[in-house]
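Raw contents of start34.txt, compact mmCIF, C-alpha atoms:
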```txt
# COMPACT_ATOMS: atom_id res chain seq x y z
CA MET A 1 0.84 -30.49 -5.30
CA ASN A 2 -1.88 -32.05 -3.15
CA SER A 3 -2.94 -35.30 -1.58
CA LEU A 4 -5.57 -36.31 -4.12
CA THR A 5 -5.25 -39.97 -5.12
CA ASN A 6 -8.26 -40.37 -7.39
CA LEU A 7 -8.98 -38.24 -10.43
CA PHE A 8 -12.72 -38.30 -9.81
CA ALA A 9 -12.62 -37.62 -6.06
CA GLU A 10 -13.17 -34.36 -4.20
CA ILE A 11 -15.20 -32.64 -6.88
CA PRO A 12 -17.24 -29.91 -5.20
CA ALA A 13 -20.83 -29.33 -6.28
CA GLU A 14 -21.02 -26.43 -8.72
CA PRO A 15 -18.06 -24.31 -7.62
CA PRO A 16 -18.10 -20.79 -9.05
CA GLU A 17 -14.65 -21.15 -10.60
CA GLU A 18 -12.77 -23.76 -12.55
CA LEU A 19 -10.60 -25.98 -10.41
CA PHE A 20 -6.90 -26.43 -11.27
CA GLN A 21 -4.86 -28.93 -9.26
CA THR A 22 -1.28 -29.99 -9.94
CA LEU A 23 -0.96 -33.74 -9.37
CA LEU A 24 2.71 -34.09 -10.26
CA HIS A 25 5.49 -31.64 -11.01
CA ALA A 26 8.81 -32.88 -12.34
CA PRO A 27 11.47 -31.21 -14.51
CA GLY A 28 9.92 -30.68 -17.94
CA VAL A 29 6.49 -32.10 -17.08
CA ARG A 30 3.49 -31.08 -14.99
CA ILE A 31 0.34 -33.18 -14.63
CA GLU A 32 -2.79 -31.26 -13.77
CA ARG A 33 -6.44 -32.00 -13.09
CA ILE A 34 -8.88 -29.39 -14.34
CA VAL A 35 -12.56 -29.46 -13.44
CA SER A 36 -14.92 -27.18 -15.36
CA PHE A 37 -18.62 -26.64 -14.67
CA GLY A 38 -19.95 -24.91 -17.73
CA HIS A 39 -16.95 -22.60 -17.75
CA ALA A 40 -15.55 -21.28 -21.00
CA SER A 41 -12.74 -18.94 -21.98
CA PRO A 42 -13.77 -15.28 -21.81
CA GLU A 43 -15.00 -13.76 -25.06
CA GLY A 44 -12.03 -13.00 -27.31
CA PHE A 45 -9.54 -14.70 -24.98
CA TRP A 46 -6.96 -17.11 -26.44
CA TYR A 47 -4.57 -19.29 -24.51
CA ASP A 48 -1.01 -18.87 -25.79
CA GLN A 49 1.19 -21.14 -23.68
CA GLU A 50 4.96 -21.37 -23.27
CA THR A 51 4.78 -25.15 -22.95
CA ALA A 52 3.01 -27.82 -24.95
CA GLU A 53 -0.07 -29.46 -23.48
CA TRP A 54 -1.58 -32.89 -24.09
CA VAL A 55 -5.10 -32.84 -22.75
CA LEU A 56 -7.60 -35.66 -22.18
CA LEU A 57 -11.29 -35.14 -21.43
CA LEU A 58 -12.71 -37.78 -19.09
CA THR A 59 -16.18 -36.73 -18.00
CA GLY A 60 -18.61 -34.12 -19.26
CA GLY A 61 -18.00 -32.48 -22.61
CA ALA A 62 -16.31 -29.49 -24.17
CA ARG A 63 -15.84 -27.53 -27.35
CA LEU A 64 -12.28 -26.50 -28.13
CA ARG A 65 -11.21 -24.12 -30.86
CA PHE A 66 -7.80 -23.54 -32.36
CA GLU A 67 -7.37 -20.10 -33.88
CA GLY A 68 -8.46 -20.07 -37.50
CA GLU A 69 -10.05 -23.53 -37.32
CA GLU A 70 -13.47 -25.06 -36.82
CA PRO A 71 -14.30 -25.98 -33.21
CA ILE A 72 -13.75 -29.55 -32.04
CA ASP A 73 -16.31 -31.28 -29.84
CA LEU A 74 -14.71 -33.41 -27.17
CA ARG A 75 -16.42 -36.18 -25.26
CA SER A 76 -15.19 -38.77 -22.76
CA GLY A 77 -11.86 -40.22 -23.83
CA ALA A 78 -11.02 -37.57 -26.43
CA PHE A 79 -7.49 -36.22 -26.33
CA VAL A 80 -5.75 -33.41 -28.15
CA ASN A 81 -2.16 -32.28 -28.35
CA ILE A 82 -1.66 -28.52 -28.20
CA PRO A 83 1.83 -27.41 -29.26
CA ALA A 84 3.39 -24.46 -27.41
CA HIS A 85 2.12 -21.09 -28.64
CA THR A 86 -0.77 -22.64 -30.54
CA ARG A 87 -3.57 -20.25 -29.77
CA HIS A 88 -6.72 -21.95 -28.57
CA ARG A 89 -9.77 -21.37 -26.41
CA VAL A 90 -12.46 -23.42 -24.70
CA GLU A 91 -15.73 -22.29 -26.24
CA TRP A 92 -18.04 -24.37 -24.10
CA THR A 93 -18.14 -26.99 -21.36
CA ASP A 94 -21.14 -29.00 -20.28
CA PRO A 95 -23.15 -26.99 -17.74
CA SER A 96 -25.06 -30.06 -16.51
CA GLN A 97 -22.13 -32.01 -15.04
CA PRO A 98 -18.47 -31.58 -14.11
CA THR A 99 -16.03 -31.79 -17.01
CA VAL A 100 -12.87 -33.48 -15.75
CA TRP A 101 -9.70 -32.97 -17.79
CA LEU A 102 -6.23 -34.40 -17.38
CA ALA A 103 -3.60 -32.04 -18.75
CA ILE A 104 0.04 -32.98 -19.29
CA HIS A 105 2.12 -29.85 -19.72
CA TYR A 106 5.55 -30.60 -21.16
CA ASP A 107 8.58 -28.87 -22.60
CA SER A 108 8.63 -29.55 -26.30
CA ALA A 109 11.88 -27.74 -27.13
CA MET B 1 2.71 -43.16 -32.48
CA ASN B 2 -0.68 -43.88 -34.00
CA SER B 3 -3.86 -42.20 -35.13
CA LEU B 4 -5.98 -42.95 -32.09
CA THR B 5 -7.93 -39.89 -30.93
CA ASN B 6 -10.02 -41.37 -28.13
CA LEU B 7 -8.64 -43.26 -25.17
CA PHE B 8 -11.57 -45.67 -25.12
CA ALA B 9 -11.74 -46.37 -28.84
CA GLU B 10 -10.37 -49.32 -30.79
CA ILE B 11 -10.30 -51.76 -27.92
CA PRO B 12 -10.37 -55.25 -29.36
CA ALA B 13 -12.47 -57.95 -27.72
CA GLU B 14 -10.31 -60.12 -25.48
CA PRO B 15 -6.95 -59.91 -27.22
CA PRO B 16 -4.47 -62.51 -26.05
CA GLU B 17 -1.84 -59.94 -25.10
CA GLU B 18 -1.76 -56.61 -23.35
CA LEU B 19 -1.97 -53.65 -25.70
CA PHE B 20 0.66 -50.87 -25.48
CA GLN B 21 0.23 -47.79 -27.66
CA THR B 22 2.32 -44.64 -27.56
CA LEU B 23 0.05 -41.61 -27.92
CA LEU B 24 2.72 -38.93 -27.69
CA HIS B 25 6.49 -38.97 -27.61
CA ALA B 26 8.43 -35.80 -26.83
CA PRO B 27 11.85 -35.21 -25.28
CA GLY B 28 11.64 -36.40 -21.67
CA VAL B 29 8.03 -37.57 -21.81
CA ARG B 30 6.07 -40.40 -23.37
CA ILE B 31 2.31 -40.85 -23.03
CA GLU B 32 1.06 -44.40 -23.44
CA ARG B 33 -2.26 -46.21 -23.40
CA ILE B 34 -2.17 -49.69 -21.91
CA VAL B 35 -5.12 -52.07 -22.15
CA SER B 36 -5.08 -55.19 -19.99
CA PHE B 37 -7.61 -58.03 -20.03
CA GLY B 38 -6.95 -60.02 -16.90
CA HIS B 39 -3.23 -59.84 -17.58
CA ALA B 40 -0.75 -59.73 -14.73
CA SER B 41 3.02 -59.65 -14.42
CA PRO B 42 4.56 -63.11 -14.65
CA GLU B 43 5.22 -64.85 -11.33
CA GLY B 44 8.30 -63.38 -9.71
CA PHE B 45 8.66 -60.63 -12.32
CA TRP B 46 9.30 -57.05 -11.18
CA TYR B 47 9.33 -53.97 -13.37
CA ASP B 48 12.49 -51.90 -12.78
CA GLN B 49 12.29 -48.92 -15.09
CA GLU B 50 14.89 -46.35 -16.15
CA THR B 51 12.27 -43.61 -16.19
CA ALA B 52 9.60 -42.56 -13.73
CA GLU B 53 5.97 -43.39 -14.52
CA TRP B 54 2.75 -41.71 -13.42
CA VAL B 55 -0.09 -44.09 -14.12
CA LEU B 56 -3.86 -43.58 -14.04
CA LEU B 57 -6.41 -46.40 -14.16
CA LEU B 58 -9.57 -45.44 -16.04
CA THR B 59 -11.68 -48.56 -16.55
CA GLY B 60 -11.57 -52.03 -15.06
CA GLY B 61 -9.49 -52.66 -11.98
CA ALA B 62 -6.03 -53.74 -10.94
CA ARG B 63 -3.85 -54.72 -8.02
CA LEU B 64 -0.40 -53.18 -7.98
CA ARG B 65 2.41 -54.12 -5.63
CA PHE B 66 5.61 -52.28 -4.80
CA GLU B 67 8.39 -54.56 -3.62
CA GLY B 68 8.24 -55.04 0.14
CA GLU B 69 4.81 -53.43 0.47
CA GLU B 70 1.19 -54.49 0.69
CA PRO B 71 -0.66 -54.55 -2.65
CA ILE B 72 -2.74 -51.54 -3.67
CA ASP B 73 -6.17 -52.02 -5.25
CA LEU B 74 -6.82 -49.54 -8.03
CA ARG B 75 -10.21 -48.64 -9.41
CA SER B 76 -11.39 -46.04 -11.91
CA GLY B 77 -9.67 -42.72 -11.37
CA ALA B 78 -6.88 -44.04 -9.14
CA PHE B 79 -3.40 -42.81 -9.95
CA VAL B 80 0.03 -43.71 -8.66
CA ASN B 81 3.47 -42.26 -9.18
CA ILE B 82 6.23 -44.81 -9.67
CA PRO B 83 9.74 -43.34 -9.32
CA ALA B 84 12.46 -44.72 -11.60
CA HIS B 85 13.89 -48.03 -10.40
CA THR B 86 11.10 -48.57 -7.91
CA ARG B 87 10.40 -52.24 -8.32
CA HIS B 88 6.75 -53.06 -8.82
CA ARG B 89 4.46 -55.58 -10.43
CA VAL B 90 0.85 -55.88 -11.50
CA GLU B 91 -0.60 -58.75 -9.48
CA TRP B 92 -4.04 -58.78 -11.04
CA THR B 93 -6.27 -57.01 -13.54
CA ASP B 94 -10.00 -57.47 -13.94
CA PRO B 95 -10.65 -60.47 -16.22
CA SER B 96 -14.26 -59.43 -16.89
CA GLN B 97 -13.59 -56.15 -18.72
CA PRO B 98 -10.76 -54.19 -20.30
CA THR B 99 -8.57 -52.28 -17.88
CA VAL B 100 -7.52 -49.04 -19.56
CA TRP B 101 -4.47 -47.27 -18.16
CA LEU B 102 -2.89 -43.98 -19.09
CA ALA B 103 0.84 -44.00 -18.36
CA ILE B 104 3.05 -40.91 -18.41
CA HIS B 105 6.69 -41.93 -18.58
CA TYR B 106 9.01 -39.05 -17.72
CA ASP B 107 12.64 -38.32 -16.96
CA SER B 108 12.90 -37.53 -13.30
CA ALA B 109 16.64 -36.79 -13.15
```
Turn this file's structure into structure tokens for me.
Amino acid sequence: MNSLTNLFAEIPAEPPEELFQTLLHAPGVRIERIVSFGHASPEGFWYDQETAEWVLLLTGGARLRFEGEEPIDLRSGAFVNIPAHTRHRVEWTDPSQPTVWLAIHYDSA
Amino acid sequence: MNSLTNLFAEIPAEPPEELFQTLLHAPGVRIERIVSFGHASPEGFWYDQETAEWVLLLTGGARLRFEGEEPIDLRSGAFVNIPAHTRHRVEWTDPSQPTVWLAIHYDSA
């Protein structure tokens, strides 16, 4: 948890790593800000998560791929629901500006 | 639930009423888009909700008040956590443009 009060505040200029910040943690739900700067999932890496994730892209752009499917281009306002254990990866994020995501992780059982 | 895939899409021009759309409903969590157009809570009305709500303002602007406190001005990116049964009201939203909110309703018990 941290003291951030604005989703677009405190974005460092070109940090070397993606930024993950938990904004709220309650039983069964965790709200997270993610800031990417051209980052992508490592070659051959797939996320396979215990919890479901509803993710909204707010600035920048990204390309998301679910295993066995065509990639999806996401721009400002786009949201996607990712059920638990649905393998996916981020193929690309915009290298020219920060990509700000809001991720809602929730128990879907 | 509906087929919306972008938070900023399908915003009608100056609808007479606030727009509430559930984007995801899972056990213990509901994600909702709210679009206001100068709407405010009726005089003397206070929300008193069974569930907690984490709300993020994305476009437009608003003034939120918790009972017994000074109002809070919200602009793009501002977020606020509203515990269950914390009385609050929306005193003002920008009449010149749509105010788009993302609300995460969650069980906090």
Can you check which parts of region 26-74 of chain B lie within 9 Å of region 21-34 of chain A? Per residue, the shortest pair of atoms and distance in Å to one decimal, counting all atoms listed in the file, sorted by chain and number, as a Markdown table.
```
| residue | atom | partner | partner_atom | distance |
| --- | --- | --- | --- | --- |
| B:Pro27 | CA | A:Gly28 | CA | 8.8 |
| B:Gly28 | CA | A:Gly28 | CA | 7.0 |
| B:Val29 | CA | A:Val29 | CA | 7.4 |
| B:Trp54 | CA | A:Leu24 | CA | 8.2 |
```
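For chain A, the residues having at least one atom no farther than 8 Å from chain B, when counting only C-alpha atoms, are Thr5, Asn6, Leu7, Phe8, Ala9, Ala26, Pro27, Gly28, Val29, Ser76, Gly77, Ala78, Phe79, Val80, Tyr106, Asp107, Ser108 and Ala109 of chain A.
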Next on the checklist: I'd like the neighbourhood of Gln49 (chain B) as a ChimeraX atom specification, where a residue qualifies if any of its atoms comes within 8 Å (using all atoms listed in the file), though same-chain residues fewer than 4 positions away should be ignored.
Outcome noted: /B:84-87
Checklist entry - B:Arg89, B:Glu70, B:Pro16, B:Ala103: which is nearest Thr51 (chain B), counting only C-alpha atoms? => result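 Checking each of B:Arg89, B:Glu70, B:Pro16, B:Ala103 against Thr51 (chain B), counting only C-alpha atoms, the winner is B:Ala103.
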Next on the checklist: Please report the interatomic distance between CA of Trp46 (chain A) and CA of Asp73 (chain A) in Å with one decimal.
Outcome noted: 17.3 Å
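For the atom pair formed by CA of Glu43 (chain A) and CA of Phe20 (chain A), the distance is 20.4 Å, given to one decimal.
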Checklist outcome for this item: CA of Trp92 (chain B) sits from CA of Ile11 (chain B) at a separation of 19.3 Å
Item to check | Proximity to Glu91 (chain B) - best of B:Ser36, B:Thr59, B:Ser3, B:Ser41, only C-alpha atoms | outcome: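 Of the candidates, the smallest distance to Glu91 (chain B) is held by B:Ser41.
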Final N, CA and C atoms of region 3-14 of chain B as a short mmCIF file (atom, residue, chain, number, x, y, z; two decimals), in the coordinates of the input:
```
data_model
loop_
_atom_site.label_atom_id
_atom_site.label_comp_id
_atom_site.auth_asym_id
_atom_site.auth_seq_id
_atom_site.Cartn_x
_atom_site.Cartn_y
_atom_site.Cartn_z
N SER B 3 -2.84 -43.18 -34.80
CA SER B 3 -3.86 -42.20 -35.13
C SER B 3 -5.05 -42.21 -34.18
N LEU B 4 -4.91 -42.91 -33.09
CA LEU B 4 -5.98 -42.95 -32.09
C LEU B 4 -6.29 -41.54 -31.59
N THR B 5 -7.58 -41.21 -31.46
CA THR B 5 -7.93 -39.89 -30.93
C THR B 5 -8.83 -39.98 -29.70
N ASN B 6 -9.20 -41.19 -29.33
CA ASN B 6 -10.02 -41.37 -28.13
C ASN B 6 -9.46 -42.53 -27.32
N LEU B 7 -9.30 -42.28 -26.04
CA LEU B 7 -8.64 -43.26 -25.17
C LEU B 7 -9.42 -44.56 -25.05
N PHE B 8 -10.74 -44.48 -25.30
CA PHE B 8 -11.57 -45.67 -25.12
C PHE B 8 -11.97 -46.31 -26.44
N ALA B 9 -11.40 -45.83 -27.52
CA ALA B 9 -11.74 -46.37 -28.84
C ALA B 9 -10.79 -47.50 -29.22
N GLU B 10 -11.22 -48.28 -30.19
CA GLU B 10 -10.37 -49.32 -30.79
C GLU B 10 -9.80 -50.27 -29.74
N ILE B 11 -10.69 -50.74 -28.89
CA ILE B 11 -10.30 -51.76 -27.92
C ILE B 11 -10.82 -53.09 -28.41
N PRO B 12 -9.93 -53.97 -28.83
CA PRO B 12 -10.37 -55.25 -29.36
C PRO B 12 -10.99 -56.13 -28.27
N ALA B 13 -11.85 -57.03 -28.67
CA ALA B 13 -12.47 -57.95 -27.72
C ALA B 13 -11.48 -59.04 -27.33
N GLU B 14 -11.16 -59.07 -26.05
CA GLU B 14 -10.31 -60.12 -25.48
C GLU B 14 -9.07 -60.49 -26.29
#
```
